[in-house]
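Presented below is the structure to which this report refers.
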Amino acid sequence: MKHFLNVLAAALLACSATSFAQNKPAEKPIINPAPTAKDWADIGKLPDWSGVWNPNISDQDKQHVTNPPPWNAKAAARIQFQQAELKAGRPTPLFVNCLPEGHPSWMMISHNALEILFTPGRVTMLGESDGGRLRRIYTDGRGHPLDPDPTFHGHSIGKWEGNVLVIDTIGVLPQSYIAPSEAHGIPNNGDMHTLERIWVEKDVMHVYMKITAPNVLTKPYETTRYYFRQRARKFDIVEGVCQEGYFAPRIDKDGYHVYEPQPHDVGGNRIPPK
Amino acid sequence: MKTALKQTLCMSALLGLGAAAYPVSAHHSTTMFAHDKVVSISGVVKEVHWTNPHVAIYVEGAAKGDKPATWVLEMTSPGNLMRAGTWKRNSFKPGDKVDVDMAPLREGGKGGALKKITNTESGMSLNANLREQEGVVEK
């Protein structure tokens, strides 16, 4: 009986504690303040990163050979397999079904242009092609969330050191590739952290990256990627809906413009008619 | 670094030399195309798909001495093509008579990565080389 009463008392205590927890007032939400006139004026003091930025693809090709990531043995074996497949004309499909290249591969090997917007407390990178290509880099002094939901581009916080934007990124999906080329890449497999330093000299944007990915690399991978600026209006960024290429424009029997699915391979290439 | 790992990395780097010369396109590798070969066809443009991530031109044509067929010619994205040269969505239109050079599909289908296309009536010719615009990059 005494044992029964002890159990009952413990149960009541537990119920009481649960009830208390449920009634505990919610934490006060953090409010993002409205930007002030000074905040907008301070934007004008930042370096000029306007224009359209195109990646230097030749340098990407070169670094694929001269500066490979320091893969661990397991990852290196897979890269070697991918290389053999590539030589045989069967490149490993990495960026499939229009999923984003993600971080850090976008910055490493994209062939598409990007633009960068400054607003108070934030730097935003917008990429052409595959519509999800977007990075929000918070420069309002916040830290990372303790346990961010993983995303393709992770959670990025930045600060200015003179004309250099320093970006710290965590929370990238473990499936997101570290890809030295479009046919070679290894999922980062979680716990990845990247540090970037970005600056502009003479219409060339330098993107230094230090990628720490302890599950696939033996040590941090350091690389600098280059983008060149184009200012001609005819080079402005255009819409790039990746899945558009899976369809052909047609006119249906009622005269409406419609899309008709097209046979394509996993990488998006149209399959020729037999 | 362990010797085996070092050997693996060196092997990867050396093997990569072969791939570096390939003019890969947006979003995925184009090594399903034999970039060391050129197939030339003459024909008539059937359709132009000015779409992301890859523009495609369908040409009803044939290589010399071959039977006519529908060929699918892949390129990079519209934005990239506009920056790489003087491409516009209507640079080539259905009905245009064209000569085409392509890197053919390795598996032998009627498709390829477009290298150069010429309107045989106007003489206007365009290619799809992204790297030509890079110039010298100061580091």
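Letters A, B, ... mark the chains of the structure tokens in the order given; residue numbers begin at 1 per chain; ligand numbers begin at 1, in order shown.
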Checklist entry - For chain A, which residues have at least one atom within 8 Å of chain B, if we go by only C-alpha atoms? Write them as a PyMOL selection string, please. => result chain A and resi 56-58+61-62+64-66+68+70-73+76-77+79-80+83+86-87+89-91+93-96+101+110-113+128-130+182-183+204+228+234-235+237-238+240-245+248-249+267-274
Write a file of the just-selected residues containing C-alpha atoms, as a PDB file, in the first residue's frame.
ATOM      1  CA  ASN A  56      35.096  31.938 -64.179  1.00  0.00           C
ATOM      2  CA  ILE A  57      34.421  28.431 -65.433  1.00  0.00           C
ATOM      3  CA  SER A  58      37.902  27.911 -66.847  1.00  0.00           C
ATOM      4  CA  ASP A  61      38.002  23.383 -64.566  1.00  0.00           C
ATOM      5  CA  LYS A  62      41.584  24.091 -63.533  1.00  0.00           C
ATOM      6  CA  HIS A  64      39.157  20.481 -60.345  1.00  0.00           C
ATOM      7  CA  VAL A  65      42.577  19.156 -61.310  1.00  0.00           C
ATOM      8  CA  THR A  66      45.003  21.292 -59.311  1.00  0.00           C
ATOM      9  CA  PRO A  68      40.934  18.790 -55.239  1.00  0.00           C
ATOM     10  CA  PRO A  70      41.174  16.514 -49.229  1.00  0.00           C
ATOM     11  CA  TRP A  71      38.729  13.619 -49.296  1.00  0.00           C
ATOM     12  CA  ASN A  72      38.902  10.859 -46.734  1.00  0.00           C
ATOM     13  CA  ALA A  73      39.675   7.409 -48.122  1.00  0.00           C
ATOM     14  CA  ALA A  76      38.247   9.464 -52.506  1.00  0.00           C
ATOM     15  CA  ALA A  77      37.299   5.984 -53.679  1.00  0.00           C
ATOM     16  CA  ILE A  79      35.445  10.185 -56.581  1.00  0.00           C
ATOM     17  CA  GLN A  80      37.722   7.736 -58.390  1.00  0.00           C
ATOM     18  CA  GLN A  83      35.933   9.623 -62.705  1.00  0.00           C
ATOM     19  CA  LEU A  86      32.825   9.928 -66.542  1.00  0.00           C
ATOM     20  CA  LYS A  87      35.496   8.558 -68.851  1.00  0.00           C
ATOM     21  CA  GLY A  89      30.479   8.403 -70.836  1.00  0.00           C
ATOM     22  CA  ARG A  90      28.251   7.677 -67.851  1.00  0.00           C
ATOM     23  CA  PRO A  91      28.675  10.759 -65.660  1.00  0.00           C
ATOM     24  CA  PRO A  93      24.051  12.323 -61.894  1.00  0.00           C
ATOM     25  CA  LEU A  94      24.561  14.701 -58.967  1.00  0.00           C
ATOM     26  CA  PHE A  95      22.340  17.696 -59.568  1.00  0.00           C
ATOM     27  CA  VAL A  96      19.190  15.955 -60.659  1.00  0.00           C
ATOM     28  CA  GLU A 101      23.236  22.817 -56.357  1.00  0.00           C
ATOM     29  CA  SER A 110      27.991  27.097 -60.923  1.00  0.00           C
ATOM     30  CA  HIS A 111      28.038  28.073 -64.585  1.00  0.00           C
ATOM     31  CA  ASN A 112      25.273  30.582 -64.076  1.00  0.00           C
ATOM     32  CA  ALA A 113      25.287  34.254 -63.202  1.00  0.00           C
ATOM     33  CA  GLU A 128      20.005  32.555 -62.249  1.00  0.00           C
ATOM     34  CA  SER A 129      18.718  29.070 -63.053  1.00  0.00           C
ATOM     35  CA  ASP A 130      17.096  26.501 -60.761  1.00  0.00           C
ATOM     36  CA  GLU A 182      29.302  18.687 -62.118  1.00  0.00           C
ATOM     37  CA  ALA A 183      30.204  15.002 -62.408  1.00  0.00           C
ATOM     38  CA  VAL A 204      36.554  40.522 -60.151  1.00  0.00           C
ATOM     39  CA  PHE A 228      33.673  38.625 -63.251  1.00  0.00           C
ATOM     40  CA  LYS A 234      21.524  43.127 -72.068  1.00  0.00           C
ATOM     41  CA  PHE A 235      23.268  40.842 -69.534  1.00  0.00           C
ATOM     42  CA  ILE A 237      19.699  38.348 -64.807  1.00  0.00           C
ATOM     43  CA  VAL A 238      16.717  36.590 -66.352  1.00  0.00           C
ATOM     44  CA  GLY A 240      15.373  30.630 -64.766  1.00  0.00           C
ATOM     45  CA  VAL A 241      12.722  28.076 -63.925  1.00  0.00           C
ATOM     46  CA  CYS A 242      14.653  24.836 -64.036  1.00  0.00           C
ATOM     47  CA  GLN A 243      11.763  22.469 -64.716  1.00  0.00           C
ATOM     48  CA  GLU A 244      10.672  24.457 -67.745  1.00  0.00           C
ATOM     49  CA  GLY A 245      12.983  22.330 -69.842  1.00  0.00           C
ATOM     50  CA  ALA A 248       7.573  21.633 -74.712  1.00  0.00           C
ATOM     51  CA  PRO A 249       5.334  24.596 -75.534  1.00  0.00           C
ATOM     52  CA  GLY A 267      19.926  15.394 -65.582  1.00  0.00           C
ATOM     53  CA  GLY A 268      17.356  17.252 -67.638  1.00  0.00           C
ATOM     54  CA  ASN A 269      18.649  16.522 -71.140  1.00  0.00           C
ATOM     55  CA  ARG A 270      15.942  15.890 -73.677  1.00  0.00           C
ATOM     56  CA  ILE A 271      15.916  12.377 -75.076  1.00  0.00           C
ATOM     57  CA  PRO A 272      15.906  12.395 -78.899  1.00  0.00           C
ATOM     58  CA  PRO A 273      13.033  10.660 -80.671  1.00  0.00           C
ATOM     59  CA  LYS A 274      13.829   7.090 -81.705  1.00  0.00           C
TER      60      LYS A 274
END
Give me every strand (DSSP E) residue in stretch 43-164 of chain A, going by DSSP on the backbone, as a CSV table (one decimal) with C-alpha atoms, in the first residue's frame.
chain,number,residue,atom,x,y,z
A,52,VAL,CA,25.8,40.7,-62.9
A,53,TRP,CA,28.5,38.3,-61.7
A,54,ASN,CA,29.5,35.4,-64.0
A,55,PRO,CA,31.7,32.6,-62.7
A,114,LEU,CA,24.3,35.7,-59.8
A,115,GLU,CA,23.5,39.1,-58.4
A,116,ILE,CA,23.9,40.5,-54.9
A,117,LEU,CA,21.6,42.8,-53.0
A,118,PHE,CA,22.3,44.8,-49.9
A,119,THR,CA,19.5,45.8,-47.6
A,122,ARG,CA,21.1,41.5,-44.8
A,123,VAL,CA,23.0,40.5,-48.0
A,124,THR,CA,21.0,38.4,-50.5
A,125,MET,CA,22.5,36.4,-53.3
A,126,LEU,CA,20.2,35.6,-56.1
A,127,GLY,CA,21.3,33.1,-58.8
A,134,LEU,CA,19.1,32.0,-53.1
A,135,ARG,CA,21.2,32.8,-50.1
A,136,ARG,CA,20.1,35.0,-47.2
A,137,ILE,CA,23.1,36.3,-45.2
A,138,TYR,CA,22.2,38.1,-42.0
A,155,HIS,CA,22.0,29.4,-42.1
A,156,SER,CA,24.5,32.2,-42.9
A,157,ILE,CA,25.5,35.2,-40.7
A,158,GLY,CA,27.9,37.8,-42.0
A,159,LYS,CA,29.9,40.8,-40.9
A,160,TRP,CA,31.9,43.4,-42.8
A,161,GLU,CA,35.7,43.7,-42.2
A,164,VAL,CA,35.4,42.1,-47.1
Checklist entry - Contacts of B:Ala103 at 7 Å or less, counting only C-alpha atoms, minus same-chain residues fewer than 3 places along, as a list in words? => result Phe33, Ala34, His35, Lys37, Val38, Val39, Gly112, Ala113, Leu114 and Lys115 of chain B
Item to check | Residue contacts of A:Pro261 (9 Å, only C-alpha atoms) excluding same-chain residues fewer than 3 positions away, as a PyMOL selection string | outcome: chain A and resi 246-248+264
Checklist outcome for this item: Pairwise distance, atom CA of A:Glu222 with atom CA of A:Pro69, equals 8.0 Å
Checklist entry - Counting only C-alpha atoms, what is within 12 Å of A:Pro104, bar same-chain residues fewer than 6 positions away, as number ranges by chain? => result A: 110, 133, 135, 151-154, 156, 168-181, 185-188, 192-196, 207-213, 221-225
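Take the candidates A:Arg250, A:Asp191, A:Ala41, A:Val216 and check each one against A:Lys74 using only C-alpha atoms; the shortest distance goes to A:Val216.
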Next on the checklist: I need the residues of stretch 50-121 of chain B that end up classed as alpha helix (DSSP H) by DSSP on the backbone, written out as a list of chain:residue names.
Outcome noted: B:Pro78, B:Gly79, B:Asn80, B:Leu81, B:Met82, B:Arg83, B:Ala84
Next on the checklist: Would you pick out the contacts of stretch 87-98 of chain B at 6 Å or less, using only C-alpha atoms, so that residues sharing its chain but fewer than 6 positions from it are not included, and give the list as a ChimeraX atom specification?
Outcome noted: /B:42-47,50,81,118-120
Pull C-alpha atoms from the residues just selected and write them as a PDB file, in the first residue's frame.
ATOM      1  CA  SER B  42      22.270  20.001 -92.709  1.00  0.00           C
ATOM      2  CA  GLY B  43      18.569  20.495 -92.350  1.00  0.00           C
ATOM      3  CA  VAL B  44      15.653  22.682 -91.358  1.00  0.00           C
ATOM      4  CA  VAL B  45      14.832  24.010 -87.882  1.00  0.00           C
ATOM      5  CA  LYS B  46      11.687  22.336 -86.627  1.00  0.00           C
ATOM      6  CA  GLU B  47      11.333  23.788 -83.103  1.00  0.00           C
ATOM      7  CA  TRP B  50      14.173  28.730 -75.417  1.00  0.00           C
ATOM      8  CA  LEU B  81      23.670  32.133 -74.215  1.00  0.00           C
ATOM      9  CA  THR B 118      24.773  28.571 -89.348  1.00  0.00           C
ATOM     10  CA  ASN B 119      21.794  29.927 -91.241  1.00  0.00           C
ATOM     11  CA  THR B 120      22.680  28.840 -94.768  1.00  0.00           C
TER      12      THR B 120
END
Closest atom pairs, stretch 19-136 of chain A residues within 12 Å of stretch 141-149 of chain A, only C-alpha atoms, as a Markdown table:
| residue | atom | partner | partner_atom | distance |
| --- | --- | --- | --- | --- |
| A:Ile30 | CA | A:Arg142 | CA | 10.6 |
| A:Ile31 | CA | A:Arg142 | CA | 11.8 |
| A:Asn32 | CA | A:Arg142 | CA | 10.3 |
| A:Pro120 | CA | A:Gly141 | CA | 11.3 |
| A:Gly121 | CA | A:Gly141 | CA | 7.8 |
| A:Arg122 | CA | A:Gly141 | CA | 9.9 |
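Take atom CA of A:Val166 and atom CA of A:Ala37: the distance between them is 24.6 Å.
Straight-line separation from atom CA of A:Ser105 to atom CA of A:Trp199: 18.8 Å.
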